Structure formats: structure tokens, C-alpha cells
Amino acid sequence: MKYYAVKVGKKPGIYEDWESAKENVIGYEGAIYKSFSSKEDAIAFLSSNNTDNTPINKPTAYIDGSFNKETMEYSFGAVLFIDGKETRFKKKYPKDEYSVHRNVAGEIKGAGFIINYCINHGIKDLDIYYDYEGIHSWYAGLWKAKTPIAIKYVEFASEARKKINVNFVKVKSHTNVYYNDIVDSLAKEALGIL
């Protein structure tokens, strides 16, 4: 059984089905919600004080990926701050040659999307908060790319590094980091699997 914890929404609380939770978050600006396999974890999420409202003035992004094993679709969720303004992104990709990499495909696509978005908007410095090490290690040339998606990301990175300085910050996944939870939810929402 899954439990859906709505921390910020129309009616915060714990719901036992996605339809009930969805009514309280879809269309609600700044909704914070997450699914859990145990009620205790959902309660802990709701009771945590992790609602960081500190303004972010430097260009900063949080990214995460997700995967639907039934459809083989993958996705990313991202939150980007430019000049203190928050913009949210989510995108689903259909089953393709990258689906074998599951959520990693979404993480890579999300990083590439955000970096490219910043380049196209004249951003020269960006902090990216991530929870999958490959996002940083392939981009920085610390890991050898062996798969087609990693090779493509490394090729993208070699050009992107000429236009933007990206500082990568590792976040431990599923530890109630405010914006990491949001991008996790956005990635799942893109797939309709929250």
C-alpha cells in the first residue's frame, strides 16, 4: 500500500490513494507532496521542518529523474531559480533506446535541459543540486562514458563548459531536502505515477 503525504496543498494530510491526494495538489501553486510505502515515513515527512523559504538569488537548479517500469517511459523534474524567481519544469520521454537506463535517463536529460536553458538565457554560472553522481562525474570528465546516453551527455558537456560554469552540489536522495523532494514529485507527476 502507498501513502501520499501532502505537506503543502489545498488540504495537507496523508491520503491512501493518489486520486484523493491529487485533488489537493494539482493546480495548487507551490504544492509539496510525496508518496511513501509506510505510514510512518509519511508522518515523518509531514512533521519535518524542511520547508526552506530562504531566498535563492544565485542561478540555482534542483533536478531529479523518474521511471515507469510498466511503460518504460522516463522523466525529469526541475526547479530553477534565476534572479530569485522560481520556475518549475517537468518532462516525460516515451520508451526509447535510453529507457534501459531507467531514472538515470531522466536525470541526464534534466541536467542537459537545465544547462541548455541557462545558456540560452545568458546565464554564465549555475549551481545544480543533484542526487545521482553521474550527472556531475560524466559532465566533469571524472567517469568514462560507456553507454550511448552518457556519451551524448559528455559530448554536450564539452561544448556547454565553454559557455557556462556549472557547480554541482550532491544531495542525498530521500532525506527531506525541500527542493529535492519537489523535483522528485515533479518527475513522478510527469509520468503520472506519484
# chains A, B, ... in the order shown; residues from 1 in each chain; ligands from 1
$ closest_atom_pairs --of "region 56-155 of chain A" --to "region 182-192 of chain A" --cutoff "10 Å" --atoms "only C-alpha atoms" --output "Markdown table"
| residue | atom | partner | partner_atom | distance |
| --- | --- | --- | --- | --- |
| A:Ala61 | CA | A:Val183 | CA | 9.7 |
| A:Tyr62 | CA | A:Val183 | CA | 6.7 |
| A:Ile63 | CA | A:Val183 | CA | 5.8 |
| A:Asp64 | CA | A:Asp184 | CA | 5.5 |
| A:Gly65 | CA | A:Ala187 | CA | 5.7 |
| A:Ser66 | CA | A:Ala187 | CA | 5.5 |
| A:Phe67 | CA | A:Leu191 | CA | 7.6 |
| A:Asn68 | CA | A:Leu191 | CA | 6.8 |
| A:Thr71 | CA | A:Leu191 | CA | 9.4 |
| A:Glu73 | CA | A:Leu191 | CA | 7.3 |
| A:Tyr74 | CA | A:Leu191 | CA | 7.2 |
| A:Ser75 | CA | A:Ala187 | CA | 5.5 |
| A:Phe76 | CA | A:Ala187 | CA | 4.5 |
| A:Gly77 | CA | A:Ala187 | CA | 4.1 |
| A:Ala78 | CA | A:Val183 | CA | 5.1 |
| A:Val79 | CA | A:Val183 | CA | 6.5 |
| A:Arg88 | CA | A:Leu186 | CA | 8.3 |
| A:Phe89 | CA | A:Leu186 | CA | 7.6 |
| A:Lys90 | CA | A:Leu186 | CA | 5.8 |
| A:Lys91 | CA | A:Ala190 | CA | 5.8 |
| A:Lys92 | CA | A:Ala190 | CA | 5.5 |
| A:Tyr93 | CA | A:Leu191 | CA | 8.8 |
| A:Pro94 | CA | A:Leu191 | CA | 9.8 |
| A:Asn103 | CA | A:Ala187 | CA | 9.3 |
| A:Gly106 | CA | A:Ala187 | CA | 8.3 |
| A:Glu107 | CA | A:Ala187 | CA | 9.5 |
| A:Gly110 | CA | A:Ala187 | CA | 9.6 |
| A:Tyr130 | CA | A:Val183 | CA | 9.9 |
$ write_last_selection --atoms "C-alpha atoms" --output "short mmCIF file (atom, residue, chain, number, x, y, z; two decimals), in the first residue's frame"
data_model
loop_
_atom_site.label_atom_id
_atom_site.label_comp_id
_atom_site.auth_asym_id
_atom_site.auth_seq_id
_atom_site.Cartn_x
_atom_site.Cartn_y
_atom_site.Cartn_z
CA ALA A 61 18.68 24.34 -10.10
CA TYR A 62 17.50 21.14 -8.50
CA ILE A 63 16.94 18.13 -10.77
CA ASP A 64 15.71 14.57 -10.41
CA GLY A 65 14.61 11.75 -12.67
CA SER A 66 11.95 9.06 -12.53
CA PHE A 67 10.96 5.91 -14.42
CA ASN A 68 7.75 3.99 -15.09
CA THR A 71 5.50 1.81 -19.80
CA GLU A 73 8.85 5.95 -20.00
CA TYR A 74 11.23 8.20 -18.07
CA SER A 75 11.09 11.80 -16.96
CA PHE A 76 12.74 14.64 -15.12
CA GLY A 77 11.58 17.29 -12.73
CA ALA A 78 13.50 20.52 -12.16
CA VAL A 79 13.25 23.74 -10.22
CA ARG A 88 9.39 24.56 -12.42
CA PHE A 89 9.86 22.09 -15.25
CA LYS A 90 8.78 18.52 -15.85
CA LYS A 91 9.01 16.41 -18.95
CA LYS A 92 8.15 12.84 -19.89
CA TYR A 93 10.01 10.86 -22.56
CA PRO A 94 8.45 7.90 -24.38
CA ASN A 103 15.55 7.12 -13.98
CA GLY A 106 15.67 11.31 -16.87
CA GLU A 107 18.41 12.70 -14.64
CA GLY A 110 17.06 17.02 -16.96
CA TYR A 130 21.51 16.53 -7.85
#
$ select_by_dssp --residues "region 73-179 of chain A" --states "strand (DSSP E or B)" --output "JSON, numbers by chain"
{"A": [73, 74, 75, 76, 77, 78, 79, 80, 81, 82, 85, 86, 87, 88, 89, 90, 91, 92, 93, 125, 126, 127, 128, 129, 130, 165, 166, 167, 168, 169, 170]}
$ residues_around --residues "region 113-116 of chain A" --least-positions-apart "4" --cutoff "8 Å" --atoms "only C-alpha atoms" --output "list in words"
Ala61, Ala78, Leu80, Lys109, Asn120, Ala160 and Ile164 of chain A
$ closest_residue --among "A:Tyr132, A:Phe81, A:Tyr28, A:Tyr3" --to "Phe45 (chain A)" --atoms "only C-alpha atoms"
A:Tyr3
$ residues_around --residues "Tyr98 (chain A)" --least-positions-apart "4" --cutoff "8 Å" --atoms "only C-alpha atoms" --output "MDAnalysis selection string"
chainID A and resid 102 105 148:149
$ residues_around --residues "Glu133 (chain A)" --least-positions-apart "5" --cutoff "10 Å" --atoms "only C-alpha atoms" --output "VMD selection string"
chain A and resid 104 107 138 143 168 to 171
$ write_last_selection --atoms "N, CA, C and O atoms" --output "short mmCIF file (atom, residue, chain, number, x, y, z; two decimals), in the first residue's frame"
data_model
loop_
_atom_site.label_atom_id
_atom_site.label_comp_id
_atom_site.auth_asym_id
_atom_site.auth_seq_id
_atom_site.Cartn_x
_atom_site.Cartn_y
_atom_site.Cartn_z
N VAL A 104 17.94 7.19 -14.52
CA VAL A 104 19.20 7.85 -14.88
C VAL A 104 19.03 8.61 -16.20
O VAL A 104 19.55 9.71 -16.37
N GLU A 107 17.46 11.82 -15.34
CA GLU A 107 18.41 12.70 -14.64
C GLU A 107 19.33 13.39 -15.66
O GLU A 107 19.56 14.60 -15.59
N TRP A 138 30.14 12.51 -15.14
CA TRP A 138 30.27 12.49 -16.60
C TRP A 138 30.51 13.90 -17.14
O TRP A 138 31.33 14.10 -18.02
N TRP A 143 34.15 10.35 -14.89
CA TRP A 143 33.76 9.00 -15.26
C TRP A 143 33.87 8.85 -16.77
O TRP A 143 33.57 9.78 -17.52
N PHE A 168 28.39 21.67 -9.27
CA PHE A 168 27.49 20.58 -8.89
C PHE A 168 27.54 20.36 -7.39
O PHE A 168 28.61 20.31 -6.79
N VAL A 169 26.35 20.21 -6.78
CA VAL A 169 26.24 20.00 -5.34
C VAL A 169 25.44 18.73 -5.10
O VAL A 169 24.27 18.63 -5.51
N LYS A 170 26.07 17.74 -4.46
CA LYS A 170 25.42 16.45 -4.21
C LYS A 170 24.44 16.56 -3.06
O LYS A 170 24.76 17.11 -2.01
N VAL A 171 23.25 16.02 -3.27
CA VAL A 171 22.22 15.96 -2.24
C VAL A 171 21.88 14.49 -2.06
O VAL A 171 21.68 13.77 -3.04
#
$ decode --residues "region 88-121 of chain A" --atoms "N, CA, C and O atoms" --output "compact mmCIF listing (two decimals), in the first residue's frame"
# COMPACT_ATOMS: atom_id res chain seq x y z
N ARG A 88 9.43 26.02 -12.51
CA ARG A 88 9.39 24.56 -12.42
C ARG A 88 9.23 23.95 -13.81
O ARG A 88 8.52 24.48 -14.65
N PHE A 89 9.91 22.81 -13.99
CA PHE A 89 9.86 22.09 -15.25
C PHE A 89 9.60 20.62 -14.97
O PHE A 89 10.07 20.09 -13.97
N LYS A 90 8.92 19.98 -15.87
CA LYS A 90 8.78 18.52 -15.85
C LYS A 90 8.57 18.06 -17.28
O LYS A 90 7.95 18.77 -18.08
N LYS A 91 9.15 16.92 -17.59
CA LYS A 91 9.01 16.41 -18.95
C LYS A 91 9.08 14.89 -18.94
O LYS A 91 9.91 14.31 -18.25
N LYS A 92 8.20 14.30 -19.74
CA LYS A 92 8.15 12.84 -19.89
C LYS A 92 8.71 12.48 -21.26
O LYS A 92 8.46 13.17 -22.24
N TYR A 93 9.46 11.38 -21.31
CA TYR A 93 10.01 10.86 -22.56
C TYR A 93 9.41 9.48 -22.82
O TYR A 93 9.33 8.66 -21.92
N PRO A 94 9.02 9.22 -24.06
CA PRO A 94 8.45 7.90 -24.38
C PRO A 94 9.54 6.83 -24.36
O PRO A 94 10.74 7.15 -24.38
N LYS A 95 9.12 5.60 -24.33
CA LYS A 95 10.07 4.48 -24.40
C LYS A 95 10.96 4.67 -25.62
O LYS A 95 10.48 4.91 -26.73
N ASP A 96 12.28 4.58 -25.40
CA ASP A 96 13.24 4.70 -26.49
C ASP A 96 14.51 3.93 -26.11
O ASP A 96 14.51 3.17 -25.14
N GLU A 97 15.56 4.15 -26.85
CA GLU A 97 16.80 3.41 -26.60
C GLU A 97 17.44 3.73 -25.25
O GLU A 97 18.27 2.98 -24.75
N TYR A 98 17.03 4.85 -24.62
CA TYR A 98 17.59 5.23 -23.32
C TYR A 98 16.79 4.68 -22.15
O TYR A 98 17.23 4.77 -21.00
N SER A 99 15.63 4.10 -22.41
CA SER A 99 14.77 3.61 -21.33
C SER A 99 15.44 2.54 -20.47
O SER A 99 15.10 2.39 -19.30
N VAL A 100 16.39 1.82 -21.03
CA VAL A 100 17.08 0.77 -20.25
C VAL A 100 17.84 1.37 -19.06
O VAL A 100 18.16 0.66 -18.11
N HIS A 101 18.09 2.66 -19.10
CA HIS A 101 18.81 3.33 -18.01
C HIS A 101 17.88 3.87 -16.93
O HIS A 101 18.33 4.55 -16.01
N ARG A 102 16.60 3.60 -17.10
CA ARG A 102 15.57 3.92 -16.11
C ARG A 102 15.61 5.40 -15.71
O ARG A 102 15.65 6.26 -16.57
N ASN A 103 15.61 5.72 -14.42
CA ASN A 103 15.55 7.12 -13.98
C ASN A 103 16.83 7.89 -14.32
O ASN A 103 16.80 9.11 -14.42
N VAL A 104 17.94 7.19 -14.52
CA VAL A 104 19.20 7.85 -14.88
C VAL A 104 19.03 8.61 -16.20
O VAL A 104 19.55 9.71 -16.37
N ALA A 105 18.26 8.03 -17.13
CA ALA A 105 18.00 8.73 -18.40
C ALA A 105 17.30 10.06 -18.14
O ALA A 105 17.65 11.08 -18.74
N GLY A 106 16.35 10.07 -17.22
CA GLY A 106 15.67 11.31 -16.87
C GLY A 106 16.58 12.31 -16.20
O GLY A 106 16.52 13.51 -16.46
N GLU A 107 17.46 11.82 -15.34
CA GLU A 107 18.41 12.70 -14.64
C GLU A 107 19.33 13.39 -15.66
O GLU A 107 19.56 14.60 -15.59
N ILE A 108 19.84 12.61 -16.61
CA ILE A 108 20.74 13.16 -17.62
C ILE A 108 20.00 14.17 -18.52
O ILE A 108 20.50 15.26 -18.78
N LYS A 109 18.81 13.78 -18.97
CA LYS A 109 18.03 14.69 -19.82
C LYS A 109 17.69 15.97 -19.06
O LYS A 109 17.73 17.07 -19.63
N GLY A 110 17.38 15.84 -17.77
CA GLY A 110 17.06 17.02 -16.96
C GLY A 110 18.25 17.95 -16.82
O GLY A 110 18.12 19.17 -16.95
N ALA A 111 19.42 17.38 -16.54
CA ALA A 111 20.63 18.21 -16.41
C ALA A 111 20.92 18.93 -17.73
O ALA A 111 21.18 20.13 -17.75
N GLY A 112 20.84 18.20 -18.83
CA GLY A 112 21.09 18.81 -20.13
C GLY A 112 20.08 19.91 -20.44
O GLY A 112 20.45 20.98 -20.93
N PHE A 113 18.82 19.66 -20.12
CA PHE A 113 17.76 20.65 -20.37
C PHE A 113 18.04 21.94 -19.60
O PHE A 113 17.99 23.03 -20.16
N ILE A 114 18.33 21.81 -18.30
CA ILE A 114 18.53 22.99 -17.44
C ILE A 114 19.78 23.76 -17.87
O ILE A 114 19.78 24.98 -17.96
N ILE A 115 20.86 23.05 -18.14
CA ILE A 115 22.11 23.71 -18.55
C ILE A 115 21.87 24.46 -19.87
O ILE A 115 22.25 25.62 -20.02
N ASN A 116 21.22 23.80 -20.82
CA ASN A 116 20.94 24.43 -22.11
C ASN A 116 20.01 25.62 -21.95
O ASN A 116 20.20 26.67 -22.59
N TYR A 117 19.01 25.50 -21.09
CA TYR A 117 18.09 26.61 -20.82
C TYR A 117 18.87 27.82 -20.31
O TYR A 117 18.65 28.95 -20.76
N CYS A 118 19.78 27.58 -19.38
CA CYS A 118 20.57 28.68 -18.81
C CYS A 118 21.49 29.31 -19.86
O CYS A 118 21.60 30.53 -19.93
N ILE A 119 22.12 28.49 -20.68
CA ILE A 119 22.97 29.02 -21.75
C ILE A 119 22.14 29.92 -22.66
O ILE A 119 22.54 31.03 -23.00
N ASN A 120 20.95 29.44 -23.05
CA ASN A 120 20.09 30.21 -23.95
C ASN A 120 19.55 31.49 -23.32
O ASN A 120 19.09 32.39 -24.04
N HIS A 121 19.60 31.59 -21.97
CA HIS A 121 19.14 32.79 -21.28
C HIS A 121 20.30 33.62 -20.72
O HIS A 121 20.11 34.46 -19.85
